[in-house]
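A quick write-up on the structure given underneath.
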Amino acid sequence: MEFVTLNNGVKMPLIGFGTYQMPARITESCVADALKIGYRKIDTAQCYYNEKEVGQAVRNSKINRAEIFVTTKLWGGRGYKDTLKSIEISLATLNIGYIDLLLIHEPTGDFNEIYRAMEEKYQADDLRAIGVANFFEDNFNRLMKTAKVVPAVNQIETHIFRQQFKMHALLKNFGTVHESWSPLACGKNNIFGNKILSEIAKNHNKNVAQVALKFLIQQNIPVIPKSTHFERMQENFSITDFELTDAEISKIQTLDAGKSLFGWW
């Protein structure tokens, strides 16, 4: 398994398993399958309403807790005090002892004060790392004016059609890991029928999804693809046995459109 080292020395797997829009009734079995395949990073969030099931799958797996990296994200907090309470709720709901990575889900509320509460819980060892999601240049720079702990991760929309060159460079300067959500673009823009990706996939005896994911992790951008199908979970995880050439990477870079496919940020 490949890892990226966060700015506090914590190691995070490059390939994770996402649970966005995964109904709670199937989350535990899907996460259990992912862990059986070999995934050791699971991504959830308060507003996914499946933290409890993620925690159950982690506990029931009998895998050493230290080997599993769990990310969750805060939702709806407005300031310092309610964030402290919100973190306690996630800790209790997950029920796995501690949270490996806690993110502000989006830059709403008084995010400087929200982050201050996260820093306090980080110093108390309830959180192994803290960071943000969906923070772009203005908000990230605003946060950095008051942050005492540099965010370990910024999880933003990143895929072949929105490659985030500018944010990648900014985050690198701060020592913050650029992590991708929706690394397969939710199937939009006919990604699975894309001619460039299809040709490259054929060259490596892989499929389009594997090439799209490899393009990101080869740049040390962690990914959290989601699937409820065992075979696809396996395929998404099996991307460490080939390398894209510089020429192939250059071809994929031409697919960047520089805008969101979802209209959120």
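In the structure tokens, each chain is lettered A, B, ... as it comes, each chain's residues begin at 1, and ligands are numbered from 1 in order of appearance.
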Filtered DSSP result for segment 74-181 of chain A, state strand (DSSP E), as a PDB file with N, CA, C and O atoms, in the first residue's frame:
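Contents of the output file out-v1.pdb:
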ATOM      1  N   LEU A  74     -16.940  17.867   9.566  1.00  0.00           N
ATOM      2  CA  LEU A  74     -17.921  18.609  10.350  1.00  0.00           C
ATOM      3  C   LEU A  74     -18.970  19.234   9.448  1.00  0.00           C
ATOM      4  O   LEU A  74     -18.674  19.685   8.344  1.00  0.00           O
ATOM      5  N   LEU A 101      -8.534  11.825  10.822  1.00  0.00           N
ATOM      6  CA  LEU A 101      -8.498  13.116  10.140  1.00  0.00           C
ATOM      7  C   LEU A 101      -9.874  13.747  10.218  1.00  0.00           C
ATOM      8  O   LEU A 101     -10.866  13.146   9.792  1.00  0.00           O
ATOM      9  N   LEU A 102      -9.944  14.943  10.779  1.00  0.00           N
ATOM     10  CA  LEU A 102     -11.193  15.701  10.843  1.00  0.00           C
ATOM     11  C   LEU A 102     -11.058  16.937   9.967  1.00  0.00           C
ATOM     12  O   LEU A 102     -10.084  17.685  10.087  1.00  0.00           O
ATOM     13  N   LEU A 103     -12.053  17.144   9.106  1.00  0.00           N
ATOM     14  CA  LEU A 103     -12.045  18.274   8.181  1.00  0.00           C
ATOM     15  C   LEU A 103     -13.244  19.180   8.419  1.00  0.00           C
ATOM     16  O   LEU A 103     -14.329  18.701   8.780  1.00  0.00           O
ATOM     17  N   ILE A 104     -13.062  20.481   8.214  1.00  0.00           N
ATOM     18  CA  ILE A 104     -14.214  21.367   8.051  1.00  0.00           C
ATOM     19  C   ILE A 104     -14.785  21.057   6.668  1.00  0.00           C
ATOM     20  O   ILE A 104     -14.066  21.137   5.670  1.00  0.00           O
ATOM     21  N   ILE A 130      -5.871  17.336  11.429  1.00  0.00           N
ATOM     22  CA  ILE A 130      -7.015  18.198  11.108  1.00  0.00           C
ATOM     23  C   ILE A 130      -6.764  18.919   9.797  1.00  0.00           C
ATOM     24  O   ILE A 130      -5.625  19.113   9.377  1.00  0.00           O
ATOM     25  N   GLY A 131      -7.859  19.301   9.157  1.00  0.00           N
ATOM     26  CA  GLY A 131      -7.728  19.999   7.886  1.00  0.00           C
ATOM     27  C   GLY A 131      -9.058  20.559   7.439  1.00  0.00           C
ATOM     28  O   GLY A 131      -9.972  20.776   8.249  1.00  0.00           O
ATOM     29  N   VAL A 132      -9.180  20.783   6.145  1.00  0.00           N
ATOM     30  CA  VAL A 132     -10.363  21.435   5.588  1.00  0.00           C
ATOM     31  C   VAL A 132     -10.768  20.732   4.294  1.00  0.00           C
ATOM     32  O   VAL A 132     -10.031  19.911   3.744  1.00  0.00           O
ATOM     33  N   ALA A 133     -11.946  21.091   3.834  1.00  0.00           N
ATOM     34  CA  ALA A 133     -12.427  20.618   2.534  1.00  0.00           C
ATOM     35  C   ALA A 133     -13.106  21.785   1.826  1.00  0.00           C
ATOM     36  O   ALA A 133     -13.741  22.625   2.474  1.00  0.00           O
ATOM     37  N   VAL A 153      -4.616  18.558   5.387  1.00  0.00           N
ATOM     38  CA  VAL A 153      -5.267  18.159   4.129  1.00  0.00           C
ATOM     39  C   VAL A 153      -6.268  19.230   3.721  1.00  0.00           C
ATOM     40  O   VAL A 153      -6.899  19.863   4.561  1.00  0.00           O
ATOM     41  N   ASN A 154      -6.412  19.423   2.414  1.00  0.00           N
ATOM     42  CA  ASN A 154      -7.540  20.159   1.853  1.00  0.00           C
ATOM     43  C   ASN A 154      -8.159  19.257   0.801  1.00  0.00           C
ATOM     44  O   ASN A 154      -7.526  18.966  -0.225  1.00  0.00           O
ATOM     45  N   GLN A 155      -9.363  18.787   1.080  1.00  0.00           N
ATOM     46  CA  GLN A 155     -10.045  17.862   0.163  1.00  0.00           C
ATOM     47  C   GLN A 155     -10.955  18.677  -0.756  1.00  0.00           C
ATOM     48  O   GLN A 155     -11.906  19.311  -0.309  1.00  0.00           O
ATOM     49  N   ILE A 156     -10.649  18.667  -2.051  1.00  0.00           N
ATOM     50  CA  ILE A 156     -11.385  19.480  -3.019  1.00  0.00           C
ATOM     51  C   ILE A 156     -11.718  18.652  -4.260  1.00  0.00           C
ATOM     52  O   ILE A 156     -11.096  17.636  -4.543  1.00  0.00           O
ATOM     53  N   GLU A 157     -12.710  19.122  -4.993  1.00  0.00           N
ATOM     54  CA  GLU A 157     -13.093  18.457  -6.243  1.00  0.00           C
ATOM     55  C   GLU A 157     -11.881  18.402  -7.175  1.00  0.00           C
ATOM     56  O   GLU A 157     -11.364  19.431  -7.595  1.00  0.00           O
ATOM     57  N   VAL A 177      -1.611  18.597   2.198  1.00  0.00           N
ATOM     58  CA  VAL A 177      -1.869  17.591   1.166  1.00  0.00           C
ATOM     59  C   VAL A 177      -3.150  17.945   0.404  1.00  0.00           C
ATOM     60  O   VAL A 177      -4.188  18.241   1.001  1.00  0.00           O
ATOM     61  N   HIS A 178      -3.052  17.913  -0.892  1.00  0.00           N
ATOM     62  CA  HIS A 178      -4.197  18.102  -1.792  1.00  0.00           C
ATOM     63  C   HIS A 178      -4.852  16.747  -2.000  1.00  0.00           C
ATOM     64  O   HIS A 178      -4.263  15.848  -2.589  1.00  0.00           O
ATOM     65  N   GLU A 179      -6.081  16.587  -1.483  1.00  0.00           N
ATOM     66  CA  GLU A 179      -6.808  15.322  -1.633  1.00  0.00           C
ATOM     67  C   GLU A 179      -7.995  15.523  -2.567  1.00  0.00           C
ATOM     68  O   GLU A 179      -8.627  16.578  -2.563  1.00  0.00           O
ATOM     69  N   SER A 180      -8.292  14.496  -3.342  1.00  0.00           N
ATOM     70  CA  SER A 180      -9.368  14.569  -4.321  1.00  0.00           C
ATOM     71  C   SER A 180     -10.669  13.971  -3.802  1.00  0.00           C
ATOM     72  O   SER A 180     -10.685  12.856  -3.290  1.00  0.00           O
ATOM     73  N   TRP A 181     -11.767  14.749  -3.958  1.00  0.00           N
ATOM     74  CA  TRP A 181     -13.073  14.093  -3.882  1.00  0.00           C
ATOM     75  C   TRP A 181     -13.647  14.023  -5.292  1.00  0.00           C
ATOM     76  O   TRP A 181     -13.297  14.823  -6.139  1.00  0.00           O
TER      77      TRP A 181
END
### Contacts of Gly77 of chain A within 12 Å, only C-alpha atoms, excl. fewer than 5 positions in-chain, as number ranges by chain
A: 46-47, 82-87, 89, 103-115, 117-118
### Summary
Among A:Lys36, A:Lys11, A:Arg25, A:Lys188, Phe237 of chain A is approached most closely, using only C-alpha atoms, by A:Lys36
### Task
Within segment 115-171 of chain A, find each residue whose DSSP state, derived from the backbone, is helix (DSSP H, G or I), and express the selection as JSON, numbers by chain.
{"A": [115, 116, 117, 118, 119, 120, 121, 122, 123, 137, 138, 139, 140, 141, 142, 143, 144, 165, 166, 167, 168, 169, 170, 171]}
### Query
Can you list, as a PyMOL selection string, every protein, DNA or RNA residue that comes within 9 Å of segment 67-71 of chain A when you count only C-alpha atoms, leaving out same-chain residues fewer than 2 positions away?
chain A and resi 11-13+16+35+39-45+54-55+58+63-65+73+98-103
### Task
Find the spatial neighbours of segment 225-236 of chain A, counting only C-alpha atoms, within a cut-off of 10 Å - ignore same-chain residues fewer than 4 positions away - and output them as a count of residues only.
37
#### Entry: Within 10 Å of Gly175 of chain A using only C-alpha atoms, minus same-chain residues under 2 positions, as number ranges by chain
A: 6-8, 150-153, 169-173, 177-178
#### Entry: Best match for closeness to Lys259 of chain A among A:Thr158, A:Met144, A:Glu2, A:Val149, counting only C-alpha atoms
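Of the candidates, the smallest distance to Lys259 of chain A is held by A:Thr158.
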### Query
With only C-alpha atoms as the basis for distance, which of A:Lys121, A:Ala66, A:Gly76, A:Ala24 is at the shortest distance from Glu53 of chain A?
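The closest residue to Glu53 of chain A is A:Ala24.
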### Message
Report, in Å with one decimal, the straight-line distance from atom CA of Lys251 of chain A to atom CA of Phe215 of chain A.
### Response
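Computing the Euclidean distance for atom CA of Lys251 of chain A and atom CA of Phe215 of chain A yields 10.7 Å.
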### Query
What separation in Å, quoted to one decimal, exists between atom CA of Tyr49 of chain A and atom CA of Ala92 of chain A?
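Atom-to-atom, atom CA of Tyr49 of chain A and atom CA of Ala92 of chain A are spaced 13.5 Å apart.
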### Among listed residues A:Ala32, A:Arg142, A:Gly9, A:Lys148, nearest Gln123 of chain A (using only C-alpha atoms)
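Ranking A:Ala32, A:Arg142, A:Gly9, A:Lys148 by distance to Gln123 of chain A, first place goes to A:Lys148.
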### Query
Distance atom CA of Tyr48 of chain A-atom CA of Pro23 of chain A, one decimal place?
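Computing it gives 8.2 Å between the two atoms.
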### Message
Please determine, counting only C-alpha atoms, which residue among A:Gln219, A:His168, A:Asn134, A:Ile252 has the shortest atom-to-atom distance to Ser198 of chain A.
### Response
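Counting only C-alpha atoms, the residue closest to Ser198 of chain A is A:Ile252.
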### Query
So, counting only C-alpha atoms, which residue among A:Leu216, A:Ala124, A:Val208, A:Ala57 is closest to Ile96 of chain A?
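Among the listed residues, the smallest separation from Ile96 of chain A belongs to A:Ala57.
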